[in-house]
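Student: This is the content of start_4.cif (mmCIF, C-alpha atoms):
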```cif
data_entry
loop_
_atom_site.label_atom_id
_atom_site.label_comp_id
_atom_site.auth_asym_id
_atom_site.auth_seq_id
_atom_site.Cartn_x
_atom_site.Cartn_y
_atom_site.Cartn_z
CA SER A 91 -86.77 -18.09 47.35
CA ARG A 92 -90.24 -18.22 48.71
CA MET A 93 -92.50 -21.20 48.74
CA LYS A 94 -94.26 -19.71 49.53
CA GLY A 95 -110.60 -11.38 58.69
CA PRO A 96 -112.22 -10.47 61.14
CA PHE A 97 -113.73 -10.50 64.61
CA PRO A 98 -112.03 -7.37 65.97
CA GLY A 99 -112.74 -7.05 69.66
CA LYS A 100 -115.01 -10.09 69.60
CA ALA A 101 -114.70 -13.73 70.49
CA PRO A 102 -114.37 -16.13 67.53
CA PRO A 103 -117.48 -18.04 66.43
CA ALA A 104 -118.59 -20.85 68.69
CA ARG A 105 -117.66 -23.46 66.08
CA PHE A 106 -114.00 -22.65 66.74
CA ALA A 107 -114.38 -22.87 70.52
CA ARG A 108 -112.99 -26.38 70.82
CA ALA A 109 -110.83 -28.44 68.49
CA PRO A 110 -110.52 -32.22 68.34
CA SER A 111 -107.15 -33.69 69.24
CA PRO A 112 -104.70 -34.12 66.37
CA SER A 113 -104.29 -37.69 65.14
CA THR A 114 -101.50 -39.66 63.53
CA PHE A 115 -99.82 -37.35 61.00
CA PHE A 116 -100.72 -34.17 62.82
CA ALA A 117 -99.48 -35.42 66.18
CA ARG A 118 -96.92 -33.05 67.67
CA LEU A 119 -93.52 -33.59 66.09
CA SER A 120 -91.61 -32.50 69.18
CA PRO A 121 -92.86 -32.26 72.77
CA MET A 122 -93.47 -28.94 74.40
CA PRO A 123 -90.79 -28.41 77.03
CA ASP A 124 -91.94 -28.58 80.63
CA SER A 125 -89.94 -25.51 81.64
CA PRO A 126 -90.25 -21.77 82.26
CA HIS A 127 -90.04 -21.41 78.47
CA SER A 128 -93.32 -23.26 77.92
CA LEU A 129 -96.00 -21.25 76.12
CA ASP A 130 -98.97 -19.76 77.91
CA PRO A 131 -102.02 -20.73 75.81
CA SER A 132 -103.74 -17.44 76.69
CA ALA A 133 -100.82 -15.53 75.15
CA LEU A 134 -100.89 -17.30 71.79
CA PRO A 135 -101.96 -15.42 68.65
CA ALA A 136 -105.25 -16.39 67.05
CA HIS A 137 -103.79 -15.92 63.58
CA VAL A 138 -100.19 -16.42 62.43
CA ALA A 139 -99.11 -15.43 58.93
CA ILE A 140 -95.76 -16.55 57.51
CA ILE A 141 -93.64 -15.50 54.54
CA MET A 142 -91.82 -18.76 53.82
CA ASP A 143 -88.59 -17.41 52.38
CA GLY A 144 -85.14 -18.88 51.75
CA ASN A 145 -85.60 -22.26 50.05
CA GLY A 146 -83.26 -21.47 47.19
CA ARG A 147 -80.50 -20.04 49.35
CA TRP A 148 -80.82 -22.97 51.76
CA ALA A 149 -80.24 -25.35 48.84
CA GLN A 150 -77.45 -23.31 47.30
CA GLU A 151 -75.45 -23.27 50.54
CA ARG A 152 -75.66 -27.07 50.60
CA GLY A 153 -74.73 -27.58 46.96
CA LEU A 154 -78.26 -28.73 46.13
CA SER A 155 -80.68 -27.74 43.40
CA ARG A 156 -83.40 -25.18 44.04
CA SER A 157 -85.93 -27.99 43.59
CA GLU A 158 -84.45 -29.75 46.62
CA GLY A 159 -84.84 -26.52 48.56
CA HIS A 160 -88.52 -26.33 47.68
CA LYS A 161 -89.04 -29.96 48.66
CA ALA A 162 -87.41 -29.25 52.02
CA GLY A 163 -89.69 -26.23 52.30
CA VAL A 164 -92.76 -28.45 51.92
CA ARG A 165 -91.52 -30.63 54.78
CA ALA A 166 -91.06 -27.52 56.92
CA ALA A 167 -94.59 -26.35 56.09
CA LYS A 168 -96.02 -29.71 57.20
CA ALA A 169 -94.20 -29.44 60.52
CA ILE A 170 -95.41 -25.88 61.15
CA VAL A 171 -99.02 -26.71 60.30
CA THR A 172 -98.73 -29.63 62.70
CA GLU A 173 -97.31 -27.49 65.48
CA CYS A 174 -99.92 -24.75 65.06
CA ARG A 175 -102.70 -27.35 65.11
CA THR A 176 -101.24 -28.89 68.25
CA LEU A 177 -100.88 -25.53 69.99
CA GLY A 178 -104.45 -24.55 69.16
CA ILE A 179 -103.66 -21.67 66.81
CA ARG A 180 -106.89 -21.34 64.84
CA HIS A 181 -105.68 -19.51 61.73
CA LEU A 182 -102.45 -19.97 59.78
CA THR A 183 -101.74 -18.19 56.50
CA LEU A 184 -98.77 -19.26 54.38
CA TYR A 185 -97.40 -17.11 51.55
CA THR A 186 -97.10 -19.89 49.01
CA PHE A 187 -96.89 -18.15 45.61
CA SER A 188 -97.15 -14.44 44.86
CA GLN A 189 -98.26 -12.88 41.59
CA GLU A 190 -94.70 -11.63 41.21
CA ASN A 191 -93.41 -15.22 41.34
CA TRP A 192 -94.71 -15.84 37.81
CA GLY A 193 -91.52 -14.09 36.69
CA ARG A 194 -89.36 -16.97 37.95
CA PRO A 195 -87.94 -19.63 35.60
CA ARG A 196 -90.72 -21.71 34.04
CA ASP A 197 -89.30 -25.01 35.30
CA GLU A 198 -89.23 -23.72 38.88
CA VAL A 199 -92.81 -22.45 38.68
CA SER A 200 -93.92 -25.81 37.28
CA LEU A 201 -92.18 -27.65 40.10
CA LEU A 202 -93.82 -25.49 42.77
CA PHE A 203 -97.27 -26.38 41.52
CA GLN A 204 -96.36 -30.06 41.17
CA LEU A 205 -95.31 -30.04 44.82
CA LEU A 206 -98.57 -28.35 45.78
CA VAL A 207 -100.68 -30.93 43.96
CA ARG A 208 -98.65 -33.77 45.49
CA PHE A 209 -98.98 -32.29 48.98
CA LEU A 210 -102.76 -31.99 48.65
CA GLY A 211 -103.03 -35.56 47.40
CA ASP A 212 -100.87 -36.94 50.20
CA GLU A 213 -102.28 -34.95 53.12
CA LEU A 214 -105.96 -34.31 52.37
CA SER A 215 -107.24 -37.26 54.41
CA SER A 216 -105.09 -36.25 57.38
CA MET A 217 -106.35 -32.69 57.14
CA GLU A 218 -109.93 -33.92 57.26
CA LYS A 219 -109.27 -36.21 60.21
CA ASN A 220 -107.67 -33.38 62.14
CA GLY A 221 -110.31 -30.78 61.46
CA ILE A 222 -108.18 -28.57 59.21
CA CYS A 223 -110.10 -26.40 56.76
CA LEU A 224 -108.16 -25.32 53.67
CA ARG A 225 -108.80 -21.95 52.03
CA VAL A 226 -107.01 -19.89 49.39
CA PHE A 227 -106.20 -16.19 49.33
CA GLY A 228 -105.64 -15.22 45.71
CA ASP A 229 -106.79 -15.76 42.15
CA VAL A 230 -107.42 -19.51 41.86
CA ASP A 231 -108.68 -19.15 38.28
CA GLY A 232 -105.22 -18.00 37.20
CA LEU A 233 -103.50 -21.17 38.42
CA PRO A 234 -102.58 -24.20 36.27
CA LEU A 235 -105.49 -26.60 35.73
CA ALA A 236 -104.13 -29.43 37.89
CA ALA A 237 -103.42 -27.06 40.79
CA ARG A 238 -106.80 -25.32 40.75
CA THR A 239 -108.61 -28.66 40.41
CA ALA A 240 -106.74 -30.13 43.39
CA LEU A 241 -107.27 -26.99 45.44
CA ARG A 242 -111.01 -26.81 44.79
CA HIS A 243 -111.35 -30.48 45.63
CA ALA A 244 -109.44 -30.02 48.88
CA MET A 245 -111.40 -26.91 49.83
CA ASN A 246 -114.70 -28.68 49.21
CA ARG A 247 -113.62 -31.74 51.20
CA THR A 248 -112.45 -29.71 54.20
CA ALA A 249 -115.10 -26.96 54.11
CA ARG A 250 -116.85 -28.24 57.24
CA CYS A 251 -113.70 -28.81 59.29
CA GLU A 252 -113.78 -26.69 62.42
CA GLY A 253 -110.48 -27.17 64.26
CA MET A 254 -108.23 -24.84 62.31
CA ILE A 255 -108.13 -22.82 59.09
CA VAL A 256 -105.03 -22.98 56.90
CA ASN A 257 -104.99 -20.29 54.23
CA LEU A 258 -102.63 -20.64 51.28
CA ALA A 259 -101.81 -17.31 49.66
CA LEU A 260 -101.53 -18.43 46.04
CA ASN A 261 -101.29 -16.19 42.99
CA TYR A 262 -101.68 -13.50 45.63
CA SER A 263 -100.95 -9.78 45.78
CA GLY A 264 -101.89 -7.59 48.73
CA ARG A 265 -102.35 -4.52 46.56
CA GLU A 266 -104.45 -6.43 44.06
CA GLU A 267 -106.61 -7.76 46.90
CA ILE A 268 -107.36 -4.17 47.94
CA LEU A 269 -108.20 -3.19 44.35
CA ARG A 270 -110.38 -6.30 44.02
CA ALA A 271 -112.32 -5.36 47.14
CA ALA A 272 -112.85 -1.82 45.82
CA ARG A 273 -114.13 -3.19 42.51
CA LEU A 274 -116.53 -5.54 44.30
CA LEU A 275 -117.97 -2.65 46.29
CA MET A 276 -118.43 -0.64 43.09
CA GLU A 277 -120.10 -3.60 41.37
CA LYS A 278 -122.54 -3.80 44.29
CA GLY A 279 -123.37 -0.12 43.84
CA VAL A 280 -122.21 0.82 47.31
CA ARG A 281 -122.36 4.60 47.82
CA PRO A 282 -119.30 6.43 49.19
CA ASP A 283 -120.83 6.76 52.65
CA GLY A 284 -121.41 3.00 52.63
CA VAL A 285 -117.73 2.19 52.13
CA THR A 286 -117.00 1.33 55.74
CA GLU A 287 -114.19 -0.79 57.10
CA GLU A 288 -116.72 -3.54 57.79
CA ALA A 289 -118.03 -3.46 54.22
CA PHE A 290 -114.50 -3.39 52.82
CA ARG A 291 -113.33 -6.31 54.96
CA ALA A 292 -116.26 -8.39 53.72
CA CYS A 293 -114.79 -8.15 50.21
CA LEU A 294 -111.31 -9.37 51.17
CA TYR A 295 -110.13 -12.96 50.78
CA SER A 296 -109.83 -13.06 54.57
CA ALA A 297 -113.48 -12.14 55.21
CA GLY A 298 -114.71 -13.77 58.40
CA GLN A 299 -111.23 -14.35 59.82
CA PRO A 300 -109.25 -12.24 62.28
CA ASP A 301 -106.33 -10.16 61.08
CA PRO A 302 -102.91 -11.75 61.65
CA ASP A 303 -101.69 -11.09 65.17
CA LEU A 304 -98.18 -12.20 64.23
CA LEU A 305 -96.48 -12.02 60.84
CA ILE A 306 -93.25 -14.01 60.53
CA ARG A 307 -90.69 -13.77 57.73
CA THR A 308 -87.78 -16.15 57.43
CA SER A 309 -84.39 -15.83 55.67
CA GLY A 310 -83.32 -12.41 56.95
CA GLU A 311 -85.29 -10.17 54.59
CA LEU A 312 -86.91 -7.19 56.36
CA ARG A 313 -90.04 -6.47 54.34
CA ILE A 314 -93.55 -7.86 53.94
CA SER A 315 -93.45 -8.09 50.12
CA ASN A 316 -97.03 -7.18 49.23
CA TYR A 317 -98.43 -9.69 51.73
CA LEU A 318 -101.70 -9.08 53.57
CA THR A 319 -101.24 -5.36 53.02
CA PHE A 320 -104.59 -4.34 54.53
CA GLN A 321 -104.80 -7.02 57.22
CA SER A 322 -101.30 -6.56 58.64
CA ALA A 323 -101.79 -2.92 59.72
CA TYR A 324 -101.47 -3.89 63.39
CA SER A 325 -99.69 -7.23 63.08
CA GLU A 326 -96.62 -7.82 65.21
CA LEU A 327 -93.67 -8.44 62.88
CA TYR A 328 -91.02 -11.07 63.54
CA PHE A 329 -87.99 -11.43 61.29
CA THR A 330 -85.49 -14.26 61.53
CA SER A 331 -82.37 -15.05 59.51
CA THR A 332 -83.30 -18.75 59.58
CA TYR A 333 -84.09 -20.09 56.11
CA TRP A 334 -87.56 -21.57 55.73
CA PRO A 335 -86.46 -25.26 55.50
CA ASP A 336 -84.72 -24.82 58.87
CA PHE A 337 -87.71 -23.10 60.50
CA THR A 338 -88.62 -25.90 62.89
CA PRO A 339 -91.41 -26.06 65.46
CA GLU A 340 -88.87 -24.85 68.04
CA GLU A 341 -88.16 -21.81 65.85
CA LEU A 342 -91.91 -21.17 65.75
CA ARG A 343 -92.12 -21.43 69.53
CA LYS A 344 -89.26 -18.93 69.79
CA ALA A 345 -91.29 -16.48 67.68
CA LEU A 346 -94.39 -17.13 69.79
CA ARG A 347 -92.47 -16.47 73.02
CA ASP A 348 -91.22 -13.20 71.53
CA TYR A 349 -94.80 -12.29 70.58
CA ALA A 350 -96.07 -13.12 74.08
CA GLY A 351 -93.62 -10.62 75.56
CA ARG A 352 -94.86 -7.70 73.47
CA SER A 353 -97.44 -5.09 74.49
CA ARG A 354 -100.12 -4.54 71.84
CA ARG A 355 -101.66 -1.10 72.48
CA PHE A 356 -103.51 -0.37 69.20
CA GLY A 357 -102.97 3.36 69.62
CA LEU A 358 -103.80 3.49 73.33
CA THR A 359 -101.48 4.16 76.26
CA GLN A 360 -100.07 1.32 78.34
CA GLU A 361 -102.25 2.47 81.26
CA GLN A 362 -105.39 1.98 79.18
CA ILE A 363 -104.61 -1.65 78.39
CA PRO A 364 -106.44 -4.12 80.68
#
```
Translate this structure into structure tokens?

Tutor:
Amino acid sequence: SRMKGPFPGKAPPARFARAPSPSTFFARLSPMPDSPHSLDPSALPAHVAIIMDGNGRWAQERGLSRSEGHKAGVRAAKAIVTECRTLGIRHLTLYTFSQENWGRPRDEVSLLFQLLVRFLGDELSSMEKNGICLRVFGDVDGLPLAARTALRHAMNRTARCEGMIVNLALNYSGREEILRAARLLMEKGVRPDGVTEEAFRACLYSAGQPDPDLLIRTSGELRISNYLTFQSAYSELYFTSTYWPDFTPEELRKALRDYAGRSRRFGLTQEQIP
């Protein structure tokens, strides 16, 4: 169960050049090891996207309710946001609730949004203090009233934060995002020869942010499930059998070390890569 751009070839805006140090809640949960396995900051991705999968199975294997699995998933999300902020990863996108998830039992859907509202209420001040800007990919208007009210409040409060952007993919569908962008271009009266990649990107939820360099999926499933369909064209994919509640900062660092060892050629030969 899931609890669930761009500056291509360019440096990010100057306002993301330096981030303030994390404070109390967002202090690193576990120290970076002083060893050959330490991460090279220059090899870190600018944007990490995660499909947070496996809450229900994690709970089932422990004889717990699915609700306990989702609560554990929230704790895991806090830890990963913390670690990304500490490492200096500027963009993190979490697949929080897909459009397909509306088909789940009503009680489970209700609980997921209750947890979201509670999380925003508990952590908003810490997000502000630590320079974390909250954004949403998806149809906010289609969410329950309490959730969309809390989200809009949090987005307004953190709009000027410059240390990191956390995107929550909520009521989200990658295919629908592409259709939405096409409709927006049509509404603007853009002629066929004006439908460029740049113009199309400007109509995506991720406008102004880089594409994900690394897309992680937990729980052992080997698909991207309608997630960032346009933006993930050149993302490095990392699949792990670890359920989301067990995806600790060390598991994240393992994925980042794997990413750092890959060669991203974008259609070129290895000899052409600087």

Student: Take CA of Arg180 (chain A) and CA of Gln360 (chain A) and report the distance between them in Å, one decimal.

Tutor: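 Separation between CA of Arg180 (chain A) and CA of Gln360 (chain A): 27.2 Å.
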
Student: Determine the residue set returned by the PyMOL selection byres ((chain A and resi 294-304) around 9) for the present structure, and present it as a PyMOL selection string.

Tutor: chain A and resi 95-98+102+135-140+181-183+226-228+257+267-268+270-271+290-293+305-306+318+320-328+345-346+349

Student: Those same residues, written as a short mmCIF file (atom, residue, chain, number, x, y, z; two decimals), keeping the file's coordinate frame with C-alpha atoms?

Tutor:
```cif
data_model
loop_
_atom_site.label_atom_id
_atom_site.label_comp_id
_atom_site.auth_asym_id
_atom_site.auth_seq_id
_atom_site.Cartn_x
_atom_site.Cartn_y
_atom_site.Cartn_z
CA GLY A 95 -110.60 -11.38 58.69
CA PRO A 96 -112.22 -10.47 61.14
CA PHE A 97 -113.73 -10.50 64.61
CA PRO A 98 -112.03 -7.37 65.97
CA PRO A 102 -114.37 -16.13 67.53
CA PRO A 135 -101.96 -15.42 68.65
CA ALA A 136 -105.25 -16.39 67.05
CA HIS A 137 -103.79 -15.92 63.58
CA VAL A 138 -100.19 -16.42 62.43
CA ALA A 139 -99.11 -15.43 58.93
CA ILE A 140 -95.76 -16.55 57.51
CA HIS A 181 -105.68 -19.51 61.73
CA LEU A 182 -102.45 -19.97 59.78
CA THR A 183 -101.74 -18.19 56.50
CA VAL A 226 -107.01 -19.89 49.39
CA PHE A 227 -106.20 -16.19 49.33
CA GLY A 228 -105.64 -15.22 45.71
CA ASN A 257 -104.99 -20.29 54.23
CA GLU A 267 -106.61 -7.76 46.90
CA ILE A 268 -107.36 -4.17 47.94
CA ARG A 270 -110.38 -6.30 44.02
CA ALA A 271 -112.32 -5.36 47.14
CA PHE A 290 -114.50 -3.39 52.82
CA ARG A 291 -113.33 -6.31 54.96
CA ALA A 292 -116.26 -8.39 53.72
CA CYS A 293 -114.79 -8.15 50.21
CA LEU A 305 -96.48 -12.02 60.84
CA ILE A 306 -93.25 -14.01 60.53
CA LEU A 318 -101.70 -9.08 53.57
CA PHE A 320 -104.59 -4.34 54.53
CA GLN A 321 -104.80 -7.02 57.22
CA SER A 322 -101.30 -6.56 58.64
CA ALA A 323 -101.79 -2.92 59.72
CA TYR A 324 -101.47 -3.89 63.39
CA SER A 325 -99.69 -7.23 63.08
CA GLU A 326 -96.62 -7.82 65.21
CA LEU A 327 -93.67 -8.44 62.88
CA TYR A 328 -91.02 -11.07 63.54
CA ALA A 345 -91.29 -16.48 67.68
CA LEU A 346 -94.39 -17.13 69.79
CA TYR A 349 -94.80 -12.29 70.58
#
```

Student: Could you list, as a PyMOL selection string, every residue matched by the PyMOL selection byres ((chain A and resi 237-240) around 12) in this structure?

Tutor: chain A and resi 199-214+224-226+228-236+241-247+260-261

Student: For Trp192 (chain A), which residue out of A:Ser263, A:Thr332, A:Ser216, A:Ser128 is the nearest one, using all atoms listed in the file?

Tutor: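 For Trp192 (chain A), the nearest of the candidates is A:Ser263.
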
Student: Report, in Å with one decimal, the straight-line distance from CA of Leu275 (chain A) to CA of Val256 (chain A).

Tutor: 26.3 Å

Student: Counting only C-alpha atoms, which of A:Lys344, A:Arg354, A:Arg265, A:Lys219 gets nearest to Leu129 (chain A)?

Tutor: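 Answer, going by the shortest atom-to-atom distance: A:Lys344.
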
Student: Take CA of Glu158 (chain A) and CA of Asp143 (chain A) and report the distance between them in Å, one decimal.

Tutor: 14.2 Å

Student: Nearest to Asn145 (chain A) among A:Ser157, A:Ser331, A:Asn220, A:Thr172, with distances taken over only C-alpha atoms: which residue is it?

Tutor: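 For Asn145 (chain A), the nearest of the given residues is A:Ser157.
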
Student: Could you check which of A:Leu258, A:Cys251, A:Met142, A:Leu342 is closest to Glu173 (chain A), using all atoms listed in the file?

Tutor: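 That would be A:Leu342, the residue with the smallest distance to Glu173 (chain A).
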
Student: Hey, can I get the axis-aligned box for region 304-318 of chain A? All listed atoms, 6 Å padding on each side, centre and edge lengths in Å to one decimal, as AutoDock Vina command-line options.

Tutor:
```
--center_x -92.5 --center_y -11.3 --center_z 56.7 --size_x 30.4 --size_y 21.7 --size_z 27.0
```

Student: Expanded to explicit residues, what is the PyMOL selection byres ((chain A and resi 167) around 10) for this file, as an MDAnalysis selection string?

Tutor: chainID A and resid 93:94 140 142 161:166 168:173 184 186 334:335 337:339
